[in-house]
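Notes to accompany the following structure.
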Amino acid sequence: MRSNKVLTNKFFDRPTLTVAESMLGKYLVRRQGRTNRAYMITEVEAYDGPKDKASHASHGRTPRAEIMFGEPGRLFVYLTYGMHWMLNVVTGPEDYPAAVLIRGVKGISGPGRVSRGLHVDKALNGVKASIHSGLWFEDRGHPVSKSKIKRTPRMGVGYAGKYWAGRKYRFVLAEE
DNA sequence: ACGATGATGAAC
DNA sequence: TTCATCATCGTA
């Protein structure tokens with residue numbers, strides 16, 4: 001019998017690109033009232049290190065980016081364009097700023113829509129992804145074949161310059 | 001194609 | 001304190 005395994009620090013304390021790719025097919029679980037809803041992750045982006053010009057951490061340890069330098073497995077939630085919350089998970093070792101942006105789950109495309117649909121906002125910034133906090137990640141044993149994964153450049157990061165905007169740090173899982 | 005909408009970081 | 005910018009989305 002298959003168990004739903006909650007992903008912990010160990011899963012997130014690996015290279016960001018590795019974490020990003022392996023998050024496809026995993027589940028984002030959100031407690032909404034008395035019930036838990038699980039959403040299969042279908043699209044993510046990696047933000048990797050202090051040199052990554054597309055990353056908020058490229059400006060150093062600013063108040064907003066500070067969480068990216070912290071413990072892996074914590075949530076990083078920030079507002080963009082004055083209205084959309086972006087949901088990220090911190091990855092890699094402490095003091096190395098990196099995170100994975102959840103861009104889509106099955107049935108919901110776009111990071112802003114994911115946050116709106118799952119009621120994610122500033123209240124979750126900096127909290128550990130765990131059952132206790134009401135938002136966590138699970139491995140439910142869903143098989144993911146490599147052939148269903150596409151890598152592309154990240155969305156909306158043209159400001160980062162040719163090199164960083166061109167990196168294929170976006171991972172998409174083809175839906176059935 | 002474009003405006004909404006407000007926090008953020010950097011400049012002054 | 002002011003200013004440009006923005007890991008997007010809905011409407012047209």
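Lettering and numbering for the structure tokens are positional, with chains as A, B, ... in the shown order, residues counted from 1 in each chain, and ligands counted from 1 in the shown order.
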Sorted by chain and rising residue number, list the residues of chain B at most 9 Å from chain A (counting only C-alpha atoms (C1' of nucleotides)), each with its closest atom pair and distance in Å to one decimal, as a tab-separated table.
residue	atom	partner	partner_atom	distance
B:DA4	C1'	A:Gly82	CA	8.3
B:DT5	C1'	A:Gly82	CA	4.6
B:DG6	C1'	A:Gly82	CA	4.3
B:DA7	C1'	A:Gly82	CA	6.7
B:DT8	C1'	A:Arg64	CA	7.7
B:DG9	C1'	A:Thr62	CA	8.1
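Within 9 Å of chain C, chain A contributes the residues Glu45, Tyr47, Ala54, Ser55, His56, Thr80, Tyr81, Gly82, Met83, His84, Met86, Leu101, Gly110, Pro111, Gly112, Arg113, Arg154, Met155, Gly156 and Val157 of chain A, using only C-alpha atoms (C1' of nucleotides).
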With the cut-off set at 6 Å and counting only C-alpha atoms, tabulate each residue of region 75-153 of chain A with an atom at most that distance from an atom of region 161-171 of chain A, showing the nearest atom pair and its distance in Å to one decimal, ordered by chain and increasing number, as a tab-separated table.
residue	atom	partner	partner_atom	distance
A:Lys150	CA	A:Phe171	CA	5.7
A:Arg151	CA	A:Phe171	CA	4.8
A:Thr152	CA	A:Lys168	CA	4.5
A:Pro153	CA	A:Lys168	CA	4.1
* strand (DSSP E) residues, from DSSP on the backbone, in chain A, as a ChimeraX atom specification -> /A:5-6,27-32,35-48,75-80,84-90,98-105,108-109,135-139,149-152,170-173
* Asked: Could you state the separation of CA of Asp139 (chain A) and CA of Asp121 (chain A) in Å, given to one decimal place?
  -> 23.7 Å
* Out of A:Ala65, A:Leu17, A:Val100, A:Ala123, which residue has the shortest atom-to-atom distance to Val44 (chain A) when counting only C-alpha atoms? ->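 Checking each of A:Ala65, A:Leu17, A:Val100, A:Ala123 against Val44 (chain A), counting only C-alpha atoms, the winner is A:Val100.
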* Sel. of helix (DSSP H, G or I) residues, chain A, as a ChimeraX atom specification -> /A:9-12,16-23,56-59,65-69,111-117,122-124,146-148,158-166
* Asked: If we count only C-alpha atoms (C1' of nucleotides), what is near Leu173 (chain A) at a cut-off of 12 Å, once residues fewer than 4 positions away on the same chain are taken out, given as a ChimeraX atom specification?
  -> /A:20-26,40-45,103-106,109,143-152
* Can you list, as a PyMOL selection string, every protein, DNA or RNA residue that comes within 7 Å of Arg14 (chain A) when you count only C-alpha atoms (C1' of nucleotides), leaving out same-chain residues fewer than 4 positions away? -> chain A and resi 18-19+91-92
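Interatomic distance, CA of Thr16 (chain A) to CA of His132 (chain A): 24.4 Å.
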* To do: Could you tell me how far CA of Ile108 (chain A) lies from CA of Ser133 (chain A), in Å and to one decimal?
  =>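 Distance reported for this atom pair: 22.1 Å.
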